[in-house]
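To start, the structure under review is shown below, and the notes come after it.
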Amino acid sequence: MTEIVASEIGALIIKLSSTSVGNRFEGANDATKLMHMIFTVSKEKSLSPVIIYLDDCHEFFLGKPKKKGENSDAINMAMKRFQKDLLIYKNQYLTKEDRVLVIGCTNMPDVGDMKLMKWKGPSGKAEKQGFFEHALYFPTISNSSRSLIWKEAIRRKVNCQCQLNFDLLAHMSGGYSTGKIFKIVNEVLSTDRLKNLSSRPPSEQHDFGPKLLPIEQSHQSFDD
């Protein structure tokens, strides 16, 4: 979704996630320095419009454990160190004149603290105002729709009729978005692979199976 928005408005994407940041910026003031750099660059008129993209945004807005000693091993707590600075810079540093859009995506919205994630208004301290002004819910695609998407994605790459079980591919790709399916097809049916299709037709299990790992079934996107 973020890439589609960026493509439509010609925006530069600045991605912030646990994957891109890793274990860096863990010093006393490092989180603040990174936020300052990101928001300063995003406000630069020569680069606008800019999208600041928070992947797995629930990781930035984790609240206090609901129960004492609650197990948080399955949740990445490290990104919480950016929470206060994110709230301050988004609510204080950005103005309506800045051509900056902040988008967050998560498939675990229930994990984040909604009091932090949902914007309450401009009153009070910036770190208490909340973050996202709007929320969009994207339900997963049905099996029948995914089957048609697979058929169309492969048709665009291969002119001949492929003896593929598209219903099986739809079942194997439960939870995958349209963009992800097209990306997998482009990766599997590369230029080199297309050259030997006549001798080795594409297979659900051998060609596409290794690319289809089980993923969560619910997805939600927030933006400011």
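Labels for the structure tokens follow display order: chains A, B, ..., residues from 1 in each chain, ligands from 1.
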> Which parts of region 7-220 of chain A does DSSP call alpha helix (DSSP H) when run on the backbone here, written out as a PyMOL selection string?
Replying inline: chain A and resi 7-9+18-21+30-43+83-88+114-117+143-155+166-172+178-188+191-195
How close does region 95-198 of chain A get to region 54-66 of chain A? List, as JSON lines, each residue of region 95-198 of chain A within 7 Å, its nearest atom pair and the distance in Å to one decimal, counting only C-alpha atoms.
{"residue": "A:Ile103", "atom": "CA", "partner": "A:Leu54", "partner_atom": "CA", "distance": 6.2}
{"residue": "A:Gly104", "atom": "CA", "partner": "A:Leu54", "partner_atom": "CA", "distance": 4.4}
{"residue": "A:Cys105", "atom": "CA", "partner": "A:Asp55", "partner_atom": "CA", "distance": 5.4}
{"residue": "A:Thr106", "atom": "CA", "partner": "A:Asp56", "partner_atom": "CA", "distance": 4.5}
{"residue": "A:Met108", "atom": "CA", "partner": "A:His58", "partner_atom": "CA", "distance": 6.7}
{"residue": "A:Pro109", "atom": "CA", "partner": "A:His58", "partner_atom": "CA", "distance": 6.1}
{"residue": "A:Val111", "atom": "CA", "partner": "A:His58", "partner_atom": "CA", "distance": 6.3}
{"residue": "A:Gly112", "atom": "CA", "partner": "A:His58", "partner_atom": "CA", "distance": 4.4}
{"residue": "A:Asp113", "atom": "CA", "partner": "A:Gly63", "partner_atom": "CA", "distance": 5.0}
{"residue": "A:Leu116", "atom": "CA", "partner": "A:Phe61", "partner_atom": "CA", "distance": 6.1}
{"residue": "A:Met117", "atom": "CA", "partner": "A:Phe61", "partner_atom": "CA", "distance": 6.4}
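The two atoms in question, CA of Val158 (chain A) and CA of Met1 (chain A), are spaced 26.1 Å apart.
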>> Report as a PyMOL selection string all protein, DNA and RNA residues lying within 8 Å of Ser48 (chain A), evaluated on only C-alpha atoms, omitting residues in the same chain fewer than 6 positions from it.
In response: chain A and resi 11-12+42+99-100
For the residues in that selection, give me C-alpha atoms as a tab-separated table (two decimals), in the first residue's frame.
chain	number	residue	atom	x	y	z
A	11	ALA	CA	7.23	10.39	-3.05
A	12	LEU	CA	10.51	9.40	-1.48
A	42	SER	CA	11.66	14.68	5.22
A	99	ARG	CA	4.62	17.65	2.31
A	100	VAL	CA	5.25	14.72	4.63
Check which residues of region 45-145 of chain A sit at most 7 Å from region 15-39 of chain A using only C-alpha atoms, and return one row each with the closest pair of atoms and their distance in Å to one decimal, ordered by chain and rising number, as JSON lines.
{"residue": "A:Ile52", "atom": "CA", "partner": "A:Lys15", "partner_atom": "CA", "distance": 6.1}
{"residue": "A:Tyr53", "atom": "CA", "partner": "A:Lys15", "partner_atom": "CA", "distance": 4.7}
{"residue": "A:Leu54", "atom": "CA", "partner": "A:Leu16", "partner_atom": "CA", "distance": 5.1}
{"residue": "A:Asp55", "atom": "CA", "partner": "A:Ser17", "partner_atom": "CA", "distance": 5.1}
{"residue": "A:Asp56", "atom": "CA", "partner": "A:Ser17", "partner_atom": "CA", "distance": 6.9}
{"residue": "A:Met79", "atom": "CA", "partner": "A:Ser18", "partner_atom": "CA", "distance": 6.4}
{"residue": "A:Arg81", "atom": "CA", "partner": "A:Ala31", "partner_atom": "CA", "distance": 6.8}
{"residue": "A:Phe82", "atom": "CA", "partner": "A:Ala31", "partner_atom": "CA", "distance": 5.6}
{"residue": "A:Asp85", "atom": "CA", "partner": "A:Thr32", "partner_atom": "CA", "distance": 5.9}
{"residue": "A:Leu86", "atom": "CA", "partner": "A:Met35", "partner_atom": "CA", "distance": 6.6}
>> Which residues are close to Gly121 (chain A), i.e. within 12 Å by only C-alpha atoms, leaving aside same-chain residues fewer than 2 positions away? Reply as JSON, numbers by chain.
In response: {"A": [91, 92, 115, 116, 118, 119, 123, 124, 125, 126, 127, 128, 129, 130, 131, 132, 133, 224]}
>> List as a count of residues only the protein and nucleic acid residues near Gly209 (chain A), meaning an atom at most 10 Å away when only C-alpha atoms are counted, but skip any in the same chain fewer than 3 places from it.
In response: 9
> Quick one: distance from CA of Leu87 (chain A) to CA of Leu101 (chain A) in Å, one decimal?
Replying inline: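 Calculated distance between CA of Leu87 (chain A) and CA of Leu101 (chain A) is 14.1 Å.
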